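Below: upload.cif (mmCIF, N, CA and C atoms and all ligand atoms)
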data_entry
#
loop_
_atom_site.label_atom_id
_atom_site.label_comp_id
_atom_site.auth_asym_id
_atom_site.auth_seq_id
_atom_site.Cartn_x
_atom_site.Cartn_y
_atom_site.Cartn_z
N MET A 1 -25.78 9.68 57.04
CA MET A 1 -25.19 8.62 56.22
C MET A 1 -25.00 9.04 54.76
N SER A 2 -25.68 10.12 54.35
CA SER A 2 -25.56 10.52 52.94
C SER A 2 -24.61 11.70 52.80
N ARG A 3 -23.35 11.36 52.87
CA ARG A 3 -22.35 12.40 52.67
C ARG A 3 -22.30 12.78 51.20
N PRO A 4 -21.96 14.01 50.92
CA PRO A 4 -21.96 14.48 49.52
C PRO A 4 -21.04 13.67 48.61
N ALA A 5 -19.91 13.25 49.14
CA ALA A 5 -18.96 12.48 48.32
C ALA A 5 -19.57 11.18 47.86
N GLU A 6 -20.35 10.57 48.75
CA GLU A 6 -20.96 9.29 48.43
C GLU A 6 -22.00 9.44 47.32
N ARG A 7 -22.76 10.51 47.42
CA ARG A 7 -23.81 10.72 46.43
C ARG A 7 -23.19 10.98 45.04
N ARG A 8 -22.14 11.74 45.04
CA ARG A 8 -21.52 12.08 43.77
C ARG A 8 -21.02 10.82 43.06
N ARG A 9 -20.49 9.92 43.84
CA ARG A 9 -19.95 8.71 43.23
C ARG A 9 -21.07 7.88 42.59
N ARG A 10 -22.20 7.84 43.26
CA ARG A 10 -23.31 7.04 42.73
C ARG A 10 -23.86 7.69 41.44
N ASP A 11 -23.96 9.00 41.46
CA ASP A 11 -24.46 9.70 40.28
C ASP A 11 -23.56 9.44 39.07
N TYR A 12 -22.31 9.46 39.32
CA TYR A 12 -21.33 9.24 38.27
C TYR A 12 -21.50 7.85 37.67
N ARG A 13 -21.77 6.89 38.54
CA ARG A 13 -21.91 5.53 38.05
C ARG A 13 -23.21 5.36 37.25
N ARG A 14 -24.23 6.05 37.72
CA ARG A 14 -25.52 5.91 37.03
C ARG A 14 -25.43 6.49 35.61
N ASP A 15 -24.68 7.56 35.47
CA ASP A 15 -24.52 8.16 34.15
C ASP A 15 -23.93 7.16 33.16
N TYR A 16 -23.02 6.36 33.65
CA TYR A 16 -22.38 5.39 32.78
C TYR A 16 -23.32 4.23 32.48
N ARG A 17 -24.21 3.98 33.42
CA ARG A 17 -25.05 2.81 33.29
C ARG A 17 -26.15 2.96 32.25
N ARG A 18 -26.35 4.16 31.77
CA ARG A 18 -27.44 4.39 30.83
C ARG A 18 -27.30 3.52 29.57
N ARG A 19 -26.07 3.33 29.13
CA ARG A 19 -25.85 2.48 27.96
C ARG A 19 -25.83 1.03 28.42
N ARG A 20 -26.94 0.37 28.28
CA ARG A 20 -27.01 -0.98 28.82
C ARG A 20 -26.93 -2.05 27.74
N ILE A 21 -26.75 -1.64 26.52
CA ILE A 21 -26.71 -2.64 25.46
C ILE A 21 -25.28 -3.11 25.22
N CYS A 22 -25.18 -4.36 24.85
CA CYS A 22 -23.89 -4.89 24.47
C CYS A 22 -23.61 -4.47 23.03
N ARG A 23 -22.55 -3.76 22.83
CA ARG A 23 -22.26 -3.23 21.49
C ARG A 23 -22.07 -4.37 20.49
N TYR A 24 -21.48 -5.44 20.96
CA TYR A 24 -21.15 -6.52 20.04
C TYR A 24 -22.36 -7.37 19.69
N CYS A 25 -23.34 -7.39 20.61
CA CYS A 25 -24.56 -8.14 20.31
C CYS A 25 -25.45 -7.33 19.37
N SER A 26 -25.47 -6.02 19.57
CA SER A 26 -26.37 -5.19 18.77
C SER A 26 -25.80 -4.94 17.37
N ASP A 27 -24.52 -5.07 17.23
CA ASP A 27 -23.91 -4.86 15.91
C ASP A 27 -23.07 -6.08 15.56
N SER A 28 -23.62 -6.92 14.70
CA SER A 28 -22.95 -8.18 14.39
C SER A 28 -21.74 -7.98 13.49
N SER A 29 -21.63 -6.78 12.91
CA SER A 29 -20.47 -6.53 12.05
C SER A 29 -19.23 -6.23 12.88
N LEU A 30 -19.44 -5.92 14.16
CA LEU A 30 -18.31 -5.66 15.04
C LEU A 30 -17.67 -6.98 15.45
N LYS A 31 -16.38 -7.03 15.31
CA LYS A 31 -15.69 -8.25 15.71
C LYS A 31 -14.65 -7.90 16.77
N ILE A 32 -14.55 -8.77 17.76
CA ILE A 32 -13.54 -8.56 18.79
C ILE A 32 -12.20 -9.09 18.27
N ASP A 33 -11.30 -8.16 18.06
CA ASP A 33 -10.02 -8.53 17.47
C ASP A 33 -8.92 -7.75 18.20
N TYR A 34 -7.91 -8.46 18.61
CA TYR A 34 -6.86 -7.76 19.38
C TYR A 34 -6.11 -6.76 18.53
N LYS A 35 -6.17 -6.93 17.20
CA LYS A 35 -5.47 -5.99 16.32
C LYS A 35 -6.23 -4.67 16.18
N ASN A 36 -7.52 -4.72 16.49
CA ASN A 36 -8.33 -3.51 16.41
C ASN A 36 -8.30 -2.78 17.75
N TYR A 37 -7.16 -2.24 18.06
CA TYR A 37 -6.96 -1.65 19.39
C TYR A 37 -7.76 -0.38 19.59
N ARG A 38 -8.12 0.25 18.48
CA ARG A 38 -8.92 1.47 18.59
C ARG A 38 -10.27 1.19 19.25
N LEU A 39 -10.83 0.04 18.89
CA LEU A 39 -12.11 -0.34 19.46
C LEU A 39 -11.93 -0.82 20.90
N LEU A 40 -10.87 -1.54 21.14
CA LEU A 40 -10.62 -2.05 22.49
C LEU A 40 -10.37 -0.92 23.47
N LYS A 41 -9.77 0.14 22.96
CA LYS A 41 -9.45 1.29 23.78
C LYS A 41 -10.70 1.90 24.43
N TYR A 42 -11.80 1.72 23.74
CA TYR A 42 -13.06 2.24 24.24
C TYR A 42 -13.43 1.60 25.58
N PHE A 43 -12.95 0.40 25.80
CA PHE A 43 -13.30 -0.33 27.02
C PHE A 43 -12.20 -0.25 28.07
N LEU A 44 -11.30 0.70 27.90
CA LEU A 44 -10.27 0.92 28.90
C LEU A 44 -10.47 2.28 29.56
N THR A 45 -10.13 2.35 30.82
CA THR A 45 -10.16 3.63 31.50
C THR A 45 -8.93 4.44 31.08
N GLU A 46 -8.90 5.67 31.50
CA GLU A 46 -7.75 6.50 31.13
C GLU A 46 -6.46 5.99 31.76
N ARG A 47 -6.60 5.20 32.80
CA ARG A 47 -5.42 4.61 33.41
C ARG A 47 -5.04 3.28 32.78
N GLY A 48 -5.83 2.85 31.81
CA GLY A 48 -5.48 1.63 31.11
C GLY A 48 -6.09 0.37 31.67
N ARG A 49 -7.04 0.55 32.60
CA ARG A 49 -7.69 -0.64 33.17
C ARG A 49 -8.92 -0.99 32.34
N ILE A 50 -9.33 -2.24 32.41
CA ILE A 50 -10.50 -2.68 31.66
C ILE A 50 -11.76 -2.26 32.41
N ILE A 51 -12.68 -1.66 31.69
CA ILE A 51 -13.92 -1.21 32.30
C ILE A 51 -14.80 -2.43 32.62
N PRO A 52 -15.30 -2.54 33.85
CA PRO A 52 -16.11 -3.70 34.23
C PRO A 52 -17.42 -3.77 33.46
N ARG A 53 -17.93 -4.96 33.37
CA ARG A 53 -19.10 -5.25 32.57
C ARG A 53 -20.33 -4.45 33.00
N ARG A 54 -20.50 -4.27 34.29
CA ARG A 54 -21.69 -3.58 34.79
C ARG A 54 -21.72 -2.13 34.33
N ILE A 55 -20.58 -1.61 33.95
CA ILE A 55 -20.54 -0.24 33.46
C ILE A 55 -20.53 -0.19 31.93
N SER A 56 -19.76 -1.06 31.33
CA SER A 56 -19.69 -1.04 29.86
C SER A 56 -20.97 -1.57 29.24
N GLY A 57 -21.69 -2.43 29.96
CA GLY A 57 -22.95 -2.95 29.46
C GLY A 57 -22.80 -4.16 28.56
N ASN A 58 -21.62 -4.67 28.45
CA ASN A 58 -21.39 -5.85 27.62
C ASN A 58 -22.04 -7.08 28.24
N CYS A 59 -22.33 -8.04 27.40
CA CYS A 59 -22.82 -9.31 27.91
C CYS A 59 -21.61 -10.14 28.35
N ALA A 60 -21.87 -11.17 29.12
CA ALA A 60 -20.78 -11.96 29.71
C ALA A 60 -19.87 -12.54 28.65
N LYS A 61 -20.49 -13.05 27.60
CA LYS A 61 -19.72 -13.71 26.55
C LYS A 61 -18.76 -12.74 25.87
N HIS A 62 -19.28 -11.57 25.53
CA HIS A 62 -18.45 -10.62 24.81
C HIS A 62 -17.43 -9.95 25.72
N GLN A 63 -17.80 -9.75 26.98
CA GLN A 63 -16.85 -9.17 27.92
C GLN A 63 -15.65 -10.10 28.09
N ARG A 64 -15.96 -11.39 28.11
CA ARG A 64 -14.90 -12.38 28.26
C ARG A 64 -13.96 -12.34 27.06
N GLU A 65 -14.56 -12.29 25.88
CA GLU A 65 -13.75 -12.23 24.66
C GLU A 65 -12.95 -10.94 24.60
N LEU A 66 -13.59 -9.90 25.03
CA LEU A 66 -12.95 -8.58 25.02
C LEU A 66 -11.73 -8.56 25.93
N THR A 67 -11.92 -9.10 27.12
CA THR A 67 -10.81 -9.15 28.08
C THR A 67 -9.64 -9.91 27.49
N ARG A 68 -9.96 -11.00 26.85
CA ARG A 68 -8.89 -11.81 26.25
C ARG A 68 -8.18 -11.01 25.15
N ALA A 69 -8.97 -10.32 24.34
CA ALA A 69 -8.40 -9.53 23.25
C ALA A 69 -7.53 -8.40 23.78
N ILE A 70 -7.98 -7.77 24.85
CA ILE A 70 -7.22 -6.67 25.43
C ILE A 70 -5.90 -7.18 25.98
N LYS A 71 -5.96 -8.32 26.65
CA LYS A 71 -4.74 -8.88 27.22
C LYS A 71 -3.75 -9.27 26.12
N ARG A 72 -4.31 -9.78 25.04
CA ARG A 72 -3.46 -10.15 23.91
C ARG A 72 -2.84 -8.90 23.30
N ALA A 73 -3.67 -7.86 23.16
CA ALA A 73 -3.19 -6.61 22.59
C ALA A 73 -2.10 -5.98 23.45
N ARG A 74 -2.24 -6.13 24.76
CA ARG A 74 -1.21 -5.62 25.66
C ARG A 74 0.10 -6.37 25.45
N HIS A 75 -0.05 -7.66 25.28
CA HIS A 75 1.13 -8.50 25.14
C HIS A 75 1.93 -8.12 23.90
N VAL A 76 1.25 -7.77 22.83
CA VAL A 76 1.95 -7.37 21.61
C VAL A 76 2.11 -5.85 21.53
N ALA A 77 1.92 -5.19 22.68
CA ALA A 77 2.22 -3.76 22.82
C ALA A 77 1.34 -2.84 21.98
N LEU A 78 0.10 -3.27 21.70
CA LEU A 78 -0.83 -2.37 21.04
C LEU A 78 -1.57 -1.51 22.06
N LEU A 79 -1.69 -2.06 23.26
CA LEU A 79 -2.35 -1.33 24.34
C LEU A 79 -1.43 -1.29 25.56
N PRO A 80 -1.58 -0.27 26.37
CA PRO A 80 -0.74 -0.17 27.57
C PRO A 80 -1.28 -1.03 28.70
N PHE A 81 -0.40 -1.49 29.57
CA PHE A 81 -0.85 -2.17 30.78
C PHE A 81 -1.35 -1.14 31.77
N MET A 82 -0.72 -0.01 31.74
CA MET A 82 -1.05 1.03 32.69
C MET A 82 -0.59 2.36 32.11
N THR A 83 -1.41 3.39 32.27
CA THR A 83 -0.98 4.71 31.83
C THR A 83 -1.16 5.68 32.99
N VAL A 84 -0.33 6.65 33.05
CA VAL A 84 -0.42 7.66 34.10
C VAL A 84 -1.08 8.90 33.51
N PRO A 85 -2.26 9.25 34.02
CA PRO A 85 -2.92 10.43 33.50
C PRO A 85 -2.17 11.71 33.86
N LYS A 86 -2.18 12.61 32.91
CA LYS A 86 -1.41 13.85 33.13
C LYS A 86 -2.16 14.83 34.02
ZN ZN B 101 -22.74 -9.44 23.58
#

Before anything else, please render the file you have as structure tokens.
Ligand SMILES: [Zn+2]
Amino acid sequence: MSRPAERRRRDYRRDYRRRRICRYCSDSSLKIDYKNYRLLKYFLTERGRIIPRRISGNCAKHQRELTRAIKRARHVALLPFMTVPK
């Protein structure tokens, strides 16, 4: 049952899980703003998808705000809906 591919995927996920703090809760000077696309970009995958909360470590409240900000940023073309990795 423990094929090598399966194990690799789990290891990869655990590496991401090490950061378990919500960046926005730990740093009150950080504000979720759709105009600050540089910060929002941090929560996007290379394909332009939003990184899920269990990996990014955000709290529910901030993840919700973040998602809204990202969607708004996409709408005004600051962020891509989808990117094709080279
Ligand atoms: Zn938070």

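Atom C of Lys86 (chain A) sits 28.8 Å away from CA of Gln63 (chain A).
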
Taking only C-alpha atoms and all ligand atoms into account, which residues are within 7 Å of ligand ZN 101 (chain B), as a compact mmCIF listing (two decimals) with N, CA and C atoms, in the coordinates of the input?
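See selection-v2.txt below for the written result:
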# COMPACT_ATOMS: atom_id res chain seq x y z
N CYS A 22 -25.18 -4.36 24.85
CA CYS A 22 -23.89 -4.89 24.47
C CYS A 22 -23.61 -4.47 23.03
N ARG A 23 -22.55 -3.76 22.83
CA ARG A 23 -22.26 -3.23 21.49
C ARG A 23 -22.07 -4.37 20.49
N TYR A 24 -21.48 -5.44 20.96
CA TYR A 24 -21.15 -6.52 20.04
C TYR A 24 -22.36 -7.37 19.69
N CYS A 25 -23.34 -7.39 20.61
CA CYS A 25 -24.56 -8.14 20.31
C CYS A 25 -25.45 -7.33 19.37
N ASN A 58 -21.62 -4.67 28.45
CA ASN A 58 -21.39 -5.85 27.62
C ASN A 58 -22.04 -7.08 28.24
N CYS A 59 -22.33 -8.04 27.40
CA CYS A 59 -22.82 -9.31 27.91
C CYS A 59 -21.61 -10.14 28.35
N ALA A 60 -21.87 -11.17 29.12
CA ALA A 60 -20.78 -11.96 29.71
C ALA A 60 -19.87 -12.54 28.65
N LYS A 61 -20.49 -13.05 27.60
CA LYS A 61 -19.72 -13.71 26.55
C LYS A 61 -18.76 -12.74 25.87
N HIS A 62 -19.28 -11.57 25.53
CA HIS A 62 -18.45 -10.62 24.81
C HIS A 62 -17.43 -9.95 25.72

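Going from CA of Thr83 (chain A) over to atom N of Lys31 (chain A), you cover 25.5 Å.
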
- Message: Please compute the atom C of Thr67 (chain A)-atom N of Ser29 (chain A) distance, one decimal, in Å.
- Response: 19.1 Å

- Query: A:Arg20, A:His75, A:Lys41, A:Arg68: which is nearest Ile55 (chain A), counting all atoms listed in the file?
  - Reply: A:Arg20

- Distance query Arg72 (chain A) at most 9 Å, only C-alpha atoms, self and fewer than 6 positions along chain excluded, as a list in words: Tyr34, Lys35, Leu78 and Leu79 of chain A

Tell me, which residues of region 9-75 of chain A carry DSSP helix (DSSP H, G or I), written as a PDB file with N, CA and C atoms, in the coordinates of the input?
ATOM      1  N   ARG A   9     -20.490   9.920  43.840  1.00  0.00           N
ATOM      2  CA  ARG A   9     -19.950   8.710  43.230  1.00  0.00           C
ATOM      3  C   ARG A   9     -21.070   7.880  42.590  1.00  0.00           C
ATOM      4  N   ARG A  10     -22.200   7.840  43.260  1.00  0.00           N
ATOM      5  CA  ARG A  10     -23.310   7.040  42.730  1.00  0.00           C
ATOM      6  C   ARG A  10     -23.860   7.690  41.440  1.00  0.00           C
ATOM      7  N   ASP A  11     -23.960   9.000  41.460  1.00  0.00           N
ATOM      8  CA  ASP A  11     -24.460   9.700  40.280  1.00  0.00           C
ATOM      9  C   ASP A  11     -23.560   9.440  39.070  1.00  0.00           C
ATOM     10  N   TYR A  12     -22.310   9.460  39.320  1.00  0.00           N
ATOM     11  CA  TYR A  12     -21.330   9.240  38.270  1.00  0.00           C
ATOM     12  C   TYR A  12     -21.500   7.850  37.670  1.00  0.00           C
ATOM     13  N   ARG A  13     -21.770   6.890  38.540  1.00  0.00           N
ATOM     14  CA  ARG A  13     -21.910   5.530  38.050  1.00  0.00           C
ATOM     15  C   ARG A  13     -23.210   5.360  37.250  1.00  0.00           C
ATOM     16  N   ARG A  14     -24.230   6.050  37.720  1.00  0.00           N
ATOM     17  CA  ARG A  14     -25.520   5.910  37.030  1.00  0.00           C
ATOM     18  C   ARG A  14     -25.430   6.490  35.610  1.00  0.00           C
ATOM     19  N   ASP A  15     -24.680   7.560  35.470  1.00  0.00           N
ATOM     20  CA  ASP A  15     -24.520   8.160  34.150  1.00  0.00           C
ATOM     21  C   ASP A  15     -23.930   7.160  33.160  1.00  0.00           C
ATOM     22  N   TYR A  16     -23.020   6.360  33.650  1.00  0.00           N
ATOM     23  CA  TYR A  16     -22.380   5.390  32.780  1.00  0.00           C
ATOM     24  C   TYR A  16     -23.320   4.230  32.480  1.00  0.00           C
ATOM     25  N   ARG A  17     -24.210   3.980  33.420  1.00  0.00           N
ATOM     26  CA  ARG A  17     -25.050   2.810  33.290  1.00  0.00           C
ATOM     27  C   ARG A  17     -26.150   2.960  32.250  1.00  0.00           C
ATOM     28  N   ARG A  23     -22.550  -3.760  22.830  1.00  0.00           N
ATOM     29  CA  ARG A  23     -22.260  -3.230  21.490  1.00  0.00           C
ATOM     30  C   ARG A  23     -22.070  -4.370  20.490  1.00  0.00           C
ATOM     31  N   TYR A  24     -21.480  -5.440  20.960  1.00  0.00           N
ATOM     32  CA  TYR A  24     -21.150  -6.520  20.040  1.00  0.00           C
ATOM     33  C   TYR A  24     -22.360  -7.370  19.690  1.00  0.00           C
ATOM     34  N   CYS A  25     -23.340  -7.390  20.610  1.00  0.00           N
ATOM     35  CA  CYS A  25     -24.560  -8.140  20.310  1.00  0.00           C
ATOM     36  C   CYS A  25     -25.450  -7.330  19.370  1.00  0.00           C
ATOM     37  N   SER A  26     -25.470  -6.020  19.570  1.00  0.00           N
ATOM     38  CA  SER A  26     -26.370  -5.190  18.770  1.00  0.00           C
ATOM     39  C   SER A  26     -25.800  -4.940  17.370  1.00  0.00           C
ATOM     40  N   TYR A  37      -7.160  -2.240  18.060  1.00  0.00           N
ATOM     41  CA  TYR A  37      -6.960  -1.650  19.390  1.00  0.00           C
ATOM     42  C   TYR A  37      -7.760  -0.380  19.590  1.00  0.00           C
ATOM     43  N   ARG A  38      -8.120   0.250  18.480  1.00  0.00           N
ATOM     44  CA  ARG A  38      -8.920   1.470  18.590  1.00  0.00           C
ATOM     45  C   ARG A  38     -10.270   1.190  19.250  1.00  0.00           C
ATOM     46  N   LEU A  39     -10.830   0.040  18.890  1.00  0.00           N
ATOM     47  CA  LEU A  39     -12.110  -0.340  19.460  1.00  0.00           C
ATOM     48  C   LEU A  39     -11.930  -0.820  20.900  1.00  0.00           C
ATOM     49  N   LEU A  40     -10.870  -1.540  21.140  1.00  0.00           N
ATOM     50  CA  LEU A  40     -10.620  -2.050  22.490  1.00  0.00           C
ATOM     51  C   LEU A  40     -10.370  -0.920  23.470  1.00  0.00           C
ATOM     52  N   LYS A  41      -9.770   0.140  22.960  1.00  0.00           N
ATOM     53  CA  LYS A  41      -9.450   1.290  23.780  1.00  0.00           C
ATOM     54  C   LYS A  41     -10.700   1.900  24.430  1.00  0.00           C
ATOM     55  N   ARG A  53     -17.930  -4.960  33.370  1.00  0.00           N
ATOM     56  CA  ARG A  53     -19.100  -5.250  32.570  1.00  0.00           C
ATOM     57  C   ARG A  53     -20.330  -4.450  33.000  1.00  0.00           C
ATOM     58  N   ARG A  54     -20.500  -4.270  34.290  1.00  0.00           N
ATOM     59  CA  ARG A  54     -21.690  -3.580  34.790  1.00  0.00           C
ATOM     60  C   ARG A  54     -21.720  -2.130  34.330  1.00  0.00           C
ATOM     61  N   ILE A  55     -20.580  -1.610  33.950  1.00  0.00           N
ATOM     62  CA  ILE A  55     -20.540  -0.240  33.460  1.00  0.00           C
ATOM     63  C   ILE A  55     -20.530  -0.190  31.930  1.00  0.00           C
ATOM     64  N   SER A  56     -19.760  -1.060  31.330  1.00  0.00           N
ATOM     65  CA  SER A  56     -19.690  -1.040  29.860  1.00  0.00           C
ATOM     66  C   SER A  56     -20.970  -1.570  29.240  1.00  0.00           C
ATOM     67  N   ALA A  60     -21.870 -11.170  29.120  1.00  0.00           N
ATOM     68  CA  ALA A  60     -20.780 -11.960  29.710  1.00  0.00           C
ATOM     69  C   ALA A  60     -19.870 -12.540  28.650  1.00  0.00           C
ATOM     70  N   LYS A  61     -20.490 -13.050  27.600  1.00  0.00           N
ATOM     71  CA  LYS A  61     -19.720 -13.710  26.550  1.00  0.00           C
ATOM     72  C   LYS A  61     -18.760 -12.740  25.870  1.00  0.00           C
ATOM     73  N   HIS A  62     -19.280 -11.570  25.530  1.00  0.00           N
ATOM     74  CA  HIS A  62     -18.450 -10.620  24.810  1.00  0.00           C
ATOM     75  C   HIS A  62     -17.430  -9.950  25.720  1.00  0.00           C
ATOM     76  N   GLN A  63     -17.800  -9.750  26.980  1.00  0.00           N
ATOM     77  CA  GLN A  63     -16.850  -9.170  27.920  1.00  0.00           C
ATOM     78  C   GLN A  63     -15.650 -10.100  28.090  1.00  0.00           C
ATOM     79  N   ARG A  64     -15.960 -11.390  28.110  1.00  0.00           N
ATOM     80  CA  ARG A  64     -14.900 -12.380  28.260  1.00  0.00           C
ATOM     81  C   ARG A  64     -13.960 -12.340  27.060  1.00  0.00           C
ATOM     82  N   GLU A  65     -14.560 -12.290  25.880  1.00  0.00           N
ATOM     83  CA  GLU A  65     -13.750 -12.230  24.660  1.00  0.00           C
ATOM     84  C   GLU A  65     -12.950 -10.940  24.600  1.00  0.00           C
ATOM     85  N   LEU A  66     -13.590  -9.900  25.030  1.00  0.00           N
ATOM     86  CA  LEU A  66     -12.950  -8.580  25.020  1.00  0.00           C
ATOM     87  C   LEU A  66     -11.730  -8.560  25.930  1.00  0.00           C
ATOM     88  N   THR A  67     -11.920  -9.100  27.120  1.00  0.00           N
ATOM     89  CA  THR A  67     -10.810  -9.150  28.080  1.00  0.00           C
ATOM     90  C   THR A  67      -9.640  -9.910  27.490  1.00  0.00           C
ATOM     91  N   ARG A  68      -9.960 -11.000  26.850  1.00  0.00           N
ATOM     92  CA  ARG A  68      -8.890 -11.810  26.250  1.00  0.00           C
ATOM     93  C   ARG A  68      -8.180 -11.010  25.150  1.00  0.00           C
ATOM     94  N   ALA A  69      -8.970 -10.320  24.340  1.00  0.00           N
ATOM     95  CA  ALA A  69      -8.400  -9.530  23.250  1.00  0.00           C
ATOM     96  C   ALA A  69      -7.530  -8.400  23.780  1.00  0.00           C
ATOM     97  N   ILE A  70      -7.980  -7.770  24.850  1.00  0.00           N
ATOM     98  CA  ILE A  70      -7.220  -6.670  25.430  1.00  0.00           C
ATOM     99  C   ILE A  70      -5.900  -7.180  25.980  1.00  0.00           C
ATOM    100  N   LYS A  71      -5.960  -8.320  26.650  1.00  0.00           N
ATOM    101  CA  LYS A  71      -4.740  -8.880  27.220  1.00  0.00           C
ATOM    102  C   LYS A  71      -3.750  -9.270  26.120  1.00  0.00           C
ATOM    103  N   ARG A  72      -4.310  -9.780  25.040  1.00  0.00           N
ATOM    104  CA  ARG A  72      -3.460 -10.150  23.910  1.00  0.00           C
ATOM    105  C   ARG A  72      -2.840  -8.900  23.300  1.00  0.00           C
ATOM    106  N   ALA A  73      -3.670  -7.860  23.160  1.00  0.00           N
ATOM    107  CA  ALA A  73      -3.190  -6.610  22.590  1.00  0.00           C
ATOM    108  C   ALA A  73      -2.100  -5.980  23.450  1.00  0.00           C
ATOM    109  N   ARG A  74      -2.240  -6.130  24.760  1.00  0.00           N
ATOM    110  CA  ARG A  74      -1.210  -5.620  25.660  1.00  0.00           C
ATOM    111  C   ARG A  74       0.100  -6.370  25.450  1.00  0.00           C
ATOM    112  N   HIS A  75      -0.050  -7.660  25.280  1.00  0.00           N
ATOM    113  CA  HIS A  75       1.130  -8.500  25.140  1.00  0.00           C
ATOM    114  C   HIS A  75       1.930  -8.120  23.900  1.00  0.00           C
TER     115      HIS A  75
END

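Of the residues listed (A:Arg64, A:Ile70, A:Gly57, A:Pro52), A:Ile70 shows the shortest atom-to-atom separation from Leu40 (chain A); distances use all atoms listed in the file.
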